[in-house]
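K.L.:
The structure that follows is given in the form of structure tokens.
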Amino acid sequence: MRQEKPGVLLVNLGTPDAPTTPAVKRYLKQFLGDPRVVDTPRLLWWPILNFIIVPFRSPRVSKLYASVWMDEGSPLMVFSKRQRDALAQRLDMPVELGMSYGQPSLDSALKRLLDQGVNKLIVLPLYPQFSCSTVAAVWDGLATSFKPLRSLPEVAFIRDYAEHPAYIAALKASVERSFALHGEPDLLVLSYHGIPQRFANEGDDYPLRCKDTTDALAAALGIAPHKIMMTFQSRFGREPWLTPYTDETMKSLPAKGIKHVQVMSPGFAADCLETLEEISGENCEIFLHAGGEKFEYIPALNDDAEHIEMMVQLVNARR
């Protein structure tokens, strides 16, 4: 009789191995080469990516990574490993970490689980709000890893957790800690990673899931509607992305009398370049330069106990 042995595969986006131009080139080539991320026809996109984007973008991006690099490595990798270890301590099953791009790869993480006899795979992509450009890319990567296997594990795939009570509770606790430390701001800004507006027009429910998180958090905090707003960051390329844009919002707020803001990025399960450099650095400067007086970044949930508890609940519901 087949005995069930569950195991957990935590998945995040990935990171360069080092804050160097060669490492960033390898990472960007794999990341931006995924049709889930950039769906421009390959014959057109391949020369643009390999002869323009990667060569010219990598030196600048490597310097940005260097500005946030931790002693133990990339922030995303450091916090992801801490999440893996903390979750493993709470569960009586194997837990492995895989990245959609870079190392440790999805393929290697899956192999480690199967080598331990896992035959029920609980896949937890660390993207609270589904998007075809993130969660679906994990699905694609797993399908590729499964192709050479003669036997497949049962798979429980967690699509997202945008409104999960434990996730909202963790966000609420984080916001309340920030308010207690810095005072309540004129405006709480929830900045989510953007996607092309076209993706949403074609059926990606990501902006709806971001709104679900925003509405649930606002209700949990009991905050007045005019004191919280949702924006989108990290746009890339020339086509329209989801609006309002975070950077343009930061530039416009002081003229409207908003002098103190706190910003969190609920779509990021771990702090990374997009939160530590783009939000805490670049957007802070934009806001203060435009006449703002106080700007605080509320860190990602990272390996907070409330965040790990949410993961435990998600996994236990599918074991």
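Residues in the structure tokens are named by chain (A, B, ... in the order shown) and by number from 1 within that chain; ligands are numbered from 1 in the order shown.
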Among segment 175-284 of chain A, which ones does DSSP assign to helix (DSSP H, G or I) (computed from the backbone)? Answer as JSON, numbers by chain.
P.N.:
{"A": [175, 176, 177, 178, 179, 180, 181, 182, 197, 198, 199, 200, 201, 206, 207, 208, 209, 210, 211, 212, 213, 214, 215, 216, 217, 218, 219, 220, 221, 225, 226, 227, 246, 247, 248, 249, 250, 251, 252, 254, 255, 256, 273, 274, 275, 276, 277, 278, 279, 280, 281, 282, 283, 284]}
K.L.:
Please provide the set of residues having any atom within 7 Å of Val95 of chain A, restricted to only C-alpha atoms, with same-chain residues fewer than 5 positions apart removed, written as a PyMOL selection string.
P.N.:
chain A and resi 7-9+84+88
K.L.:
Compile the contact shell of Glu282 of chain A as a list in words: residues with an atom at most 12 Å away, counting only C-alpha atoms, same-chain residues fewer than 5 positions apart removed.
P.N.:
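Contacts, in chain order: Leu64, Ser67, Gln233, Ser234, Thr246, Asp247, Glu248, Met250, Lys251, Leu273, Glu274, Thr275, Leu276, Glu277, Phe287, Leu288, His289, Phe295 and Tyr297 of chain A.
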K.L.:
Create the file for the chosen residues now, containing all heavy atoms and written as a compact mmCIF listing (two decimals), in the first residue's frame.
P.N.:
# COMPACT_ATOMS: atom_id res chain seq x y z
N LEU A 64 23.15 48.56 -7.99
CA LEU A 64 21.98 48.64 -7.12
C LEU A 64 21.95 47.45 -6.17
O LEU A 64 21.65 47.61 -4.97
CB LEU A 64 20.70 48.70 -7.96
CG LEU A 64 20.54 49.91 -8.88
CD1 LEU A 64 19.23 49.84 -9.65
CD2 LEU A 64 20.60 51.21 -8.08
N SER A 67 24.27 47.85 -3.33
CA SER A 67 23.85 48.81 -2.30
C SER A 67 22.95 48.19 -1.24
O SER A 67 22.81 48.75 -0.14
CB SER A 67 23.11 49.99 -2.97
OG SER A 67 21.82 49.60 -3.44
N GLN A 233 4.45 49.64 -8.62
CA GLN A 233 5.85 50.02 -8.81
C GLN A 233 6.53 49.16 -9.87
O GLN A 233 5.95 48.24 -10.42
CB GLN A 233 6.60 49.88 -7.48
CG GLN A 233 6.68 48.43 -6.99
CD GLN A 233 7.38 48.30 -5.65
OE1 GLN A 233 6.74 48.50 -4.61
NE2 GLN A 233 8.67 47.97 -5.68
N SER A 234 7.79 49.48 -10.14
CA SER A 234 8.71 48.63 -10.90
C SER A 234 8.31 48.40 -12.35
O SER A 234 8.54 47.32 -12.90
CB SER A 234 8.89 47.26 -10.20
OG SER A 234 9.21 47.41 -8.85
N THR A 246 3.71 54.19 -8.44
CA THR A 246 4.20 54.60 -7.12
C THR A 246 5.07 55.84 -7.19
O THR A 246 4.90 56.77 -6.40
CB THR A 246 4.97 53.44 -6.46
OG1 THR A 246 4.11 52.30 -6.33
CG2 THR A 246 5.48 53.84 -5.09
N ASP A 247 6.03 55.87 -8.12
CA ASP A 247 6.95 57.00 -8.15
C ASP A 247 6.23 58.31 -8.48
O ASP A 247 6.50 59.35 -7.86
CB ASP A 247 8.11 56.74 -9.12
CG ASP A 247 7.67 56.38 -10.53
OD1 ASP A 247 6.45 56.24 -10.78
OD2 ASP A 247 8.55 56.22 -11.40
N GLU A 248 5.29 58.27 -9.41
CA GLU A 248 4.54 59.48 -9.75
C GLU A 248 3.65 59.92 -8.59
O GLU A 248 3.44 61.12 -8.36
CB GLU A 248 3.74 59.27 -11.02
CG GLU A 248 4.63 59.10 -12.26
CD GLU A 248 3.83 58.99 -13.55
OE1 GLU A 248 2.58 59.04 -13.49
OE2 GLU A 248 4.46 58.84 -14.62
N MET A 250 4.34 59.44 -5.38
CA MET A 250 5.22 60.06 -4.38
C MET A 250 5.55 61.50 -4.74
O MET A 250 5.64 62.37 -3.87
CB MET A 250 6.52 59.25 -4.26
CG MET A 250 6.37 57.90 -3.60
SD MET A 250 5.78 58.00 -1.89
CE MET A 250 4.26 57.06 -2.04
N LYS A 251 5.72 61.74 -6.02
CA LYS A 251 6.04 63.09 -6.49
C LYS A 251 4.87 64.06 -6.29
O LYS A 251 5.07 65.25 -6.03
CB LYS A 251 6.44 63.04 -7.96
CG LYS A 251 6.98 64.34 -8.52
CD LYS A 251 7.30 64.21 -10.01
CE LYS A 251 8.37 63.16 -10.28
NZ LYS A 251 8.75 63.10 -11.71
N LEU A 273 15.58 43.85 -3.83
CA LEU A 273 15.99 45.07 -4.51
C LEU A 273 14.83 46.04 -4.68
O LEU A 273 14.96 47.24 -4.46
CB LEU A 273 16.60 44.73 -5.87
CG LEU A 273 17.19 45.90 -6.65
CD1 LEU A 273 18.48 46.39 -5.99
CD2 LEU A 273 17.48 45.50 -8.10
N GLU A 274 13.65 45.51 -5.06
CA GLU A 274 12.50 46.36 -5.35
C GLU A 274 11.94 47.05 -4.12
O GLU A 274 11.26 48.06 -4.24
CB GLU A 274 11.40 45.55 -6.04
CG GLU A 274 11.69 45.19 -7.49
CD GLU A 274 12.54 43.94 -7.63
OE1 GLU A 274 12.98 43.39 -6.60
OE2 GLU A 274 12.78 43.52 -8.77
N THR A 275 12.19 46.50 -2.94
CA THR A 275 11.69 47.16 -1.73
C THR A 275 12.79 48.00 -1.08
O THR A 275 12.56 49.15 -0.71
CB THR A 275 11.16 46.12 -0.72
OG1 THR A 275 12.22 45.24 -0.31
CG2 THR A 275 10.03 45.31 -1.32
N LEU A 276 13.98 47.44 -0.96
CA LEU A 276 15.03 48.12 -0.21
C LEU A 276 15.67 49.26 -0.99
O LEU A 276 16.04 50.28 -0.40
CB LEU A 276 16.11 47.10 0.19
CG LEU A 276 15.62 45.99 1.11
CD1 LEU A 276 16.73 44.97 1.33
CD2 LEU A 276 15.11 46.53 2.43
N GLU A 277 15.83 49.09 -2.29
CA GLU A 277 16.43 50.16 -3.09
C GLU A 277 15.37 51.05 -3.73
O GLU A 277 15.41 52.28 -3.61
CB GLU A 277 17.35 49.56 -4.16
CG GLU A 277 18.26 50.56 -4.85
CD GLU A 277 17.56 51.43 -5.90
OE1 GLU A 277 16.65 50.92 -6.57
OE2 GLU A 277 17.93 52.61 -6.03
N PHE A 287 9.83 61.53 -2.80
CA PHE A 287 8.84 62.15 -1.91
C PHE A 287 9.44 63.34 -1.16
O PHE A 287 8.84 64.43 -1.11
CB PHE A 287 8.32 61.11 -0.92
CG PHE A 287 7.33 61.64 0.07
CD1 PHE A 287 6.04 61.97 -0.32
CD2 PHE A 287 7.68 61.80 1.40
CE1 PHE A 287 5.12 62.45 0.60
CE2 PHE A 287 6.77 62.29 2.32
CZ PHE A 287 5.48 62.62 1.92
N LEU A 288 10.62 63.17 -0.58
CA LEU A 288 11.23 64.25 0.19
C LEU A 288 11.64 65.41 -0.71
O LEU A 288 11.49 66.58 -0.33
CB LEU A 288 12.44 63.72 0.96
CG LEU A 288 12.14 62.64 2.02
CD1 LEU A 288 13.43 62.16 2.67
CD2 LEU A 288 11.17 63.17 3.07
N HIS A 289 12.13 65.10 -1.91
CA HIS A 289 12.52 66.15 -2.85
C HIS A 289 11.32 66.98 -3.30
O HIS A 289 11.44 68.18 -3.58
CB HIS A 289 13.22 65.54 -4.07
CG HIS A 289 13.74 66.54 -5.04
ND1 HIS A 289 14.87 67.30 -4.80
CD2 HIS A 289 13.29 66.92 -6.28
CE1 HIS A 289 15.08 68.11 -5.82
NE2 HIS A 289 14.16 67.89 -6.74
N PHE A 295 9.12 60.01 5.67
CA PHE A 295 8.87 58.82 4.86
C PHE A 295 9.44 57.62 5.60
O PHE A 295 10.61 57.61 5.97
CB PHE A 295 9.55 58.96 3.49
CG PHE A 295 9.38 57.78 2.56
CD1 PHE A 295 8.58 57.89 1.42
CD2 PHE A 295 10.03 56.57 2.79
CE1 PHE A 295 8.43 56.82 0.55
CE2 PHE A 295 9.89 55.49 1.93
CZ PHE A 295 9.08 55.61 0.81
N TYR A 297 9.58 53.30 5.37
CA TYR A 297 9.27 52.05 4.69
C TYR A 297 8.97 50.98 5.74
O TYR A 297 9.75 50.80 6.68
CB TYR A 297 10.43 51.61 3.80
CG TYR A 297 10.29 50.19 3.31
CD1 TYR A 297 9.22 49.83 2.48
CD2 TYR A 297 11.17 49.19 3.73
CE1 TYR A 297 9.07 48.51 2.07
CE2 TYR A 297 11.03 47.88 3.31
CZ TYR A 297 9.97 47.54 2.48
OH TYR A 297 9.79 46.25 2.08
K.L.:
Any idea what's packed within 7 Å of Pro254 of chain A, counting only C-alpha atoms, ignoring anything in its chain fewer than 6 positions away? Could you give it as a list in words?
P.N.:
Ala290, Gly291 and Gly292 of chain A
K.L.:
Generate a file of the selected residues that holds N, CA, C and O atoms, formatted as a compact mmCIF listing (two decimals), in the first residue's frame.
P.N.:
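Dumped to again15.txt:
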# COMPACT_ATOMS: atom_id res chain seq x y z
N ALA A 290 10.15 66.34 -3.34
CA ALA A 290 8.92 67.04 -3.78
C ALA A 290 8.29 67.86 -2.66
O ALA A 290 7.28 68.53 -2.88
N GLY A 291 8.88 67.79 -1.47
CA GLY A 291 8.35 68.59 -0.35
C GLY A 291 7.79 67.78 0.80
O GLY A 291 7.30 68.36 1.77
N GLY A 292 7.87 66.47 0.71
CA GLY A 292 7.45 65.64 1.83
C GLY A 292 8.40 65.79 3.01
O GLY A 292 9.56 66.20 2.84
K.L.:
From segment 173-202 of chain A, collect each residue whose DSSP state is strand (DSSP E) and return the set as a list in words.
P.N.:
Leu187, Leu188, Val189, Leu190, Ser191, Tyr192 and His193 of chain A
K.L.:
Save out the residues we just selected, N, CA, C and O atoms, as an mmCIF file, in the first residue's frame.
P.N.:
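The new file selection.cif reads:
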data_model
loop_
_atom_site.group_PDB
_atom_site.id
_atom_site.type_symbol
_atom_site.label_atom_id
_atom_site.label_comp_id
_atom_site.auth_asym_id
_atom_site.auth_seq_id
_atom_site.Cartn_x
_atom_site.Cartn_y
_atom_site.Cartn_z
ATOM 1 N N LEU A 187 -0.788 59.304 5.254
ATOM 2 C CA LEU A 187 -1.243 58.328 4.258
ATOM 3 C C LEU A 187 -0.413 57.058 4.358
ATOM 4 O O LEU A 187 0.816 57.113 4.458
ATOM 5 N N LEU A 188 -1.100 55.918 4.314
ATOM 6 C CA LEU A 188 -0.450 54.618 4.218
ATOM 7 C C LEU A 188 -0.556 54.176 2.761
ATOM 8 O O LEU A 188 -1.656 54.027 2.229
ATOM 9 N N VAL A 189 0.587 53.977 2.115
ATOM 10 C CA VAL A 189 0.615 53.587 0.708
ATOM 11 C C VAL A 189 0.996 52.117 0.604
ATOM 12 O O VAL A 189 2.024 51.696 1.145
ATOM 13 N N LEU A 190 0.168 51.335 -0.077
ATOM 14 C CA LEU A 190 0.460 49.937 -0.353
ATOM 15 C C LEU A 190 0.930 49.847 -1.794
ATOM 16 O O LEU A 190 0.148 50.019 -2.734
ATOM 17 N N SER A 191 2.228 49.606 -1.964
ATOM 18 C CA SER A 191 2.832 49.593 -3.299
ATOM 19 C C SER A 191 3.065 48.156 -3.741
ATOM 20 O O SER A 191 3.884 47.438 -3.162
ATOM 21 N N TYR A 192 2.346 47.739 -4.773
ATOM 22 C CA TYR A 192 2.468 46.387 -5.323
ATOM 23 C C TYR A 192 3.324 46.431 -6.584
ATOM 24 O O TYR A 192 3.332 47.431 -7.304
ATOM 25 N N HIS A 193 3.983 45.305 -6.878
ATOM 26 C CA HIS A 193 4.724 45.227 -8.138
ATOM 27 C C HIS A 193 3.726 45.323 -9.291
ATOM 28 O O HIS A 193 2.671 44.685 -9.270
#
K.L.:
Could you list, as a PyMOL selection string, every residue within 8 Å of Pro128 of chain A, counting only C-alpha atoms and ignoring same-chain residues fewer than 6 positions away?
P.N.:
chain A and resi 160-162+266-269
K.L.:
Write the selection just made, keeping N, CA, C and O atoms, as a compact mmCIF listing (two decimals), in the first residue's frame?
P.N.:
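Generated output (out-v3.txt):
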# COMPACT_ATOMS: atom_id res chain seq x y z
N ASP A 160 -2.71 31.38 -4.50
CA ASP A 160 -2.31 32.61 -3.81
C ASP A 160 -2.99 32.65 -2.45
O ASP A 160 -3.71 31.71 -2.07
N TYR A 161 -2.76 33.73 -1.72
CA TYR A 161 -3.34 33.85 -0.37
C TYR A 161 -3.65 35.31 -0.05
O TYR A 161 -3.44 35.78 1.06
N ALA A 162 -4.17 36.02 -1.03
CA ALA A 162 -4.36 37.46 -0.94
C ALA A 162 -5.22 37.91 0.22
O ALA A 162 -5.03 39.00 0.78
N PRO A 266 2.99 44.89 0.09
CA PRO A 266 2.41 43.62 0.54
C PRO A 266 2.57 42.47 -0.45
O PRO A 266 2.34 41.31 -0.09
N GLY A 267 2.95 42.76 -1.69
CA GLY A 267 3.12 41.71 -2.67
C GLY A 267 4.46 41.00 -2.58
O GLY A 267 4.68 40.00 -3.26
N PHE A 268 5.36 41.49 -1.73
CA PHE A 268 6.69 40.90 -1.58
C PHE A 268 6.75 40.15 -0.25
O PHE A 268 6.61 40.76 0.81
N ALA A 269 6.99 38.86 -0.31
CA ALA A 269 7.09 38.04 0.90
C ALA A 269 8.43 38.22 1.60
O ALA A 269 8.58 37.88 2.77
K.L.:
What is the atom CA of Phe56 of chain A-atom CA of Leu28 of chain A distance in Å, reported with one decimal?
P.N.:
11.3 Å
K.L.:
Which neighbours of segment 202-206 of chain A fall inside 12 Å, counting only C-alpha atoms, when residues of the same chain fewer than 6 positions from it are skipped, and could you give them as a list in words?
P.N.:
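Skipping anything fewer than 6 positions along the chain leaves Arg36, Tyr127, Pro128, Gln129, Phe130, Ser131, Cys132, Ser133, Thr134, Val135, Ala136, Arg159, Asp160, Tyr161, Ala162, Tyr192, His193, Gly194, Ile195, Pro196, Asp212, Thr213, Phe232, Leu242 and Gly267 of chain A.
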K.L.:
Since we have the selection now, will you write its residues out, keeping N, CA and C atoms, as a PDB file, in the first residue's frame?
P.N.:
ATOM      1  N   ARG A  36       6.622  34.238 -19.816  1.00  0.00           N
ATOM      2  CA  ARG A  36       5.647  34.648 -18.803  1.00  0.00           C
ATOM      3  C   ARG A  36       5.936  36.070 -18.315  1.00  0.00           C
ATOM      4  N   TYR A 127       4.040  34.415  -3.457  1.00  0.00           N
ATOM      5  CA  TYR A 127       3.432  35.566  -4.110  1.00  0.00           C
ATOM      6  C   TYR A 127       2.008  35.659  -3.571  1.00  0.00           C
ATOM      7  N   PRO A 128       1.722  36.594  -2.664  1.00  0.00           N
ATOM      8  CA  PRO A 128       0.388  36.641  -2.066  1.00  0.00           C
ATOM      9  C   PRO A 128      -0.743  36.830  -3.068  1.00  0.00           C
ATOM     10  N   GLN A 129      -0.465  37.571  -4.148  1.00  0.00           N
ATOM     11  CA  GLN A 129      -1.488  37.836  -5.155  1.00  0.00           C
ATOM     12  C   GLN A 129      -1.090  37.146  -6.471  1.00  0.00           C
ATOM     13  N   PHE A 130      -1.951  36.304  -6.987  1.00  0.00           N
ATOM     14  CA  PHE A 130      -1.656  35.601  -8.238  1.00  0.00           C
ATOM     15  C   PHE A 130      -1.363  36.573  -9.379  1.00  0.00           C
ATOM     16  N   SER A 131      -0.386  36.211 -10.203  1.00  0.00           N
ATOM     17  CA  SER A 131      -0.185  36.849 -11.500  1.00  0.00           C
ATOM     18  C   SER A 131       0.348  35.794 -12.456  1.00  0.00           C
ATOM     19  N   CYS A 132      -0.013  35.934 -13.718  1.00  0.00           N
ATOM     20  CA  CYS A 132       0.513  35.017 -14.731  1.00  0.00           C
ATOM     21  C   CYS A 132       2.022  35.147 -14.853  1.00  0.00           C
ATOM     22  N   SER A 133       2.569  36.298 -14.475  1.00  0.00           N
ATOM     23  CA  SER A 133       4.005  36.532 -14.630  1.00  0.00           C
ATOM     24  C   SER A 133       4.832  35.960 -13.488  1.00  0.00           C
ATOM     25  N   THR A 134       4.185  35.530 -12.407  1.00  0.00           N
ATOM     26  CA  THR A 134       4.908  34.997 -11.254  1.00  0.00           C
ATOM     27  C   THR A 134       4.453  33.572 -10.913  1.00  0.00           C
ATOM     28  N   VAL A 135       3.223  33.448 -10.438  1.00  0.00           N
ATOM     29  CA  VAL A 135       2.721  32.139 -10.005  1.00  0.00           C
ATOM     30  C   VAL A 135       2.650  31.168 -11.183  1.00  0.00           C
ATOM     31  N   ALA A 136       2.160  31.643 -12.324  1.00  0.00           N
ATOM     32  CA  ALA A 136       2.078  30.753 -13.488  1.00  0.00           C
ATOM     33  C   ALA A 136       3.463  30.325 -13.965  1.00  0.00           C
ATOM     34  N   ARG A 159      -2.463  28.574  -5.103  1.00  0.00           N
ATOM     35  CA  ARG A 159      -2.510  29.601  -6.152  1.00  0.00           C
ATOM     36  C   ARG A 159      -2.127  30.977  -5.605  1.00  0.00           C
ATOM     37  N   ASP A 160      -2.708  31.380  -4.497  1.00  0.00           N
ATOM     38  CA  ASP A 160      -2.309  32.609  -3.807  1.00  0.00           C
ATOM     39  C   ASP A 160      -2.994  32.649  -2.447  1.00  0.00           C
ATOM     40  N   TYR A 161      -2.762  33.732  -1.722  1.00  0.00           N
ATOM     41  CA  TYR A 161      -3.343  33.846  -0.373  1.00  0.00           C
ATOM     42  C   TYR A 161      -3.647  35.305  -0.053  1.00  0.00           C
ATOM     43  N   ALA A 162      -4.169  36.018  -1.028  1.00  0.00           N
ATOM     44  CA  ALA A 162      -4.357  37.463  -0.940  1.00  0.00           C
ATOM     45  C   ALA A 162      -5.223  37.911   0.224  1.00  0.00           C
ATOM     46  N   TYR A 192       2.346  47.739  -4.773  1.00  0.00           N
ATOM     47  CA  TYR A 192       2.468  46.387  -5.323  1.00  0.00           C
ATOM     48  C   TYR A 192       3.324  46.431  -6.584  1.00  0.00           C
ATOM     49  N   HIS A 193       3.983  45.305  -6.878  1.00  0.00           N
ATOM     50  CA  HIS A 193       4.724  45.227  -8.138  1.00  0.00           C
ATOM     51  C   HIS A 193       3.726  45.323  -9.291  1.00  0.00           C
ATOM     52  N   GLY A 194       4.062  46.100 -10.309  1.00  0.00           N
ATOM     53  CA  GLY A 194       3.153  46.262 -11.435  1.00  0.00           C
ATOM     54  C   GLY A 194       3.267  45.140 -12.451  1.00  0.00           C
ATOM     55  N   ILE A 195       2.282  45.092 -13.334  1.00  0.00           N
ATOM     56  CA  ILE A 195       2.308  44.247 -14.527  1.00  0.00           C
ATOM     57  C   ILE A 195       1.750  45.088 -15.667  1.00  0.00           C
ATOM     58  N   PRO A 196       2.030  44.719 -16.922  1.00  0.00           N
ATOM     59  CA  PRO A 196       1.413  45.462 -18.029  1.00  0.00           C
ATOM     60  C   PRO A 196      -0.117  45.438 -17.925  1.00  0.00           C
ATOM     61  N   ASP A 212      -8.139  43.082  -3.271  1.00  0.00           N
ATOM     62  CA  ASP A 212      -8.668  42.246  -2.193  1.00  0.00           C
ATOM     63  C   ASP A 212      -7.800  42.365  -0.938  1.00  0.00           C
ATOM     64  N   THR A 213      -6.484  42.339  -1.129  1.00  0.00           N
ATOM     65  CA  THR A 213      -5.573  42.495   0.011  1.00  0.00           C
ATOM     66  C   THR A 213      -5.718  43.875   0.631  1.00  0.00           C
ATOM     67  N   PHE A 232       1.312  51.019  -7.823  1.00  0.00           N
ATOM     68  CA  PHE A 232       2.068  49.945  -8.480  1.00  0.00           C
ATOM     69  C   PHE A 232       3.446  50.453  -8.881  1.00  0.00           C
ATOM     70  N   LEU A 242      -0.074  48.844 -14.824  1.00  0.00           N
ATOM     71  CA  LEU A 242      -1.129  49.185 -13.871  1.00  0.00           C
ATOM     72  C   LEU A 242      -0.827  50.518 -13.205  1.00  0.00           C
ATOM     73  N   GLY A 267       2.952  42.764  -1.694  1.00  0.00           N
ATOM     74  CA  GLY A 267       3.124  41.710  -2.675  1.00  0.00           C
ATOM     75  C   GLY A 267       4.465  40.995  -2.580  1.00  0.00           C
TER      76      GLY A 267
END
K.L.:
What lies within 12 Å of Leu149 of chain A using only C-alpha atoms, ignoring chain neighbours under 3 positions off, as a VMD selection string?
P.N.:
chain A and resid 107 110 to 111 114 142 to 146 152 to 153
K.L.:
Calculated over only C-alpha atoms, which of the candidates A:Leu171, A:Ile298, A:Leu208, A:Val11 has the smallest distance to Leu106 of chain A?
P.N.:
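Closest to Leu106 of chain A, using only C-alpha atoms: A:Val11.
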K.L.:
Rounded to one decimal, what separation in Å do you get between atom CA of Glu278 of chain A and atom CA of Ser174 of chain A?
P.N.:
19.9 Å
K.L.:
Quick one: distance from atom CA of Leu10 of chain A to atom CA of Asn201 of chain A in Å, one decimal?
P.N.:
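Taking atom CA of Leu10 of chain A and atom CA of Asn201 of chain A, their separation equals 29.3 Å.
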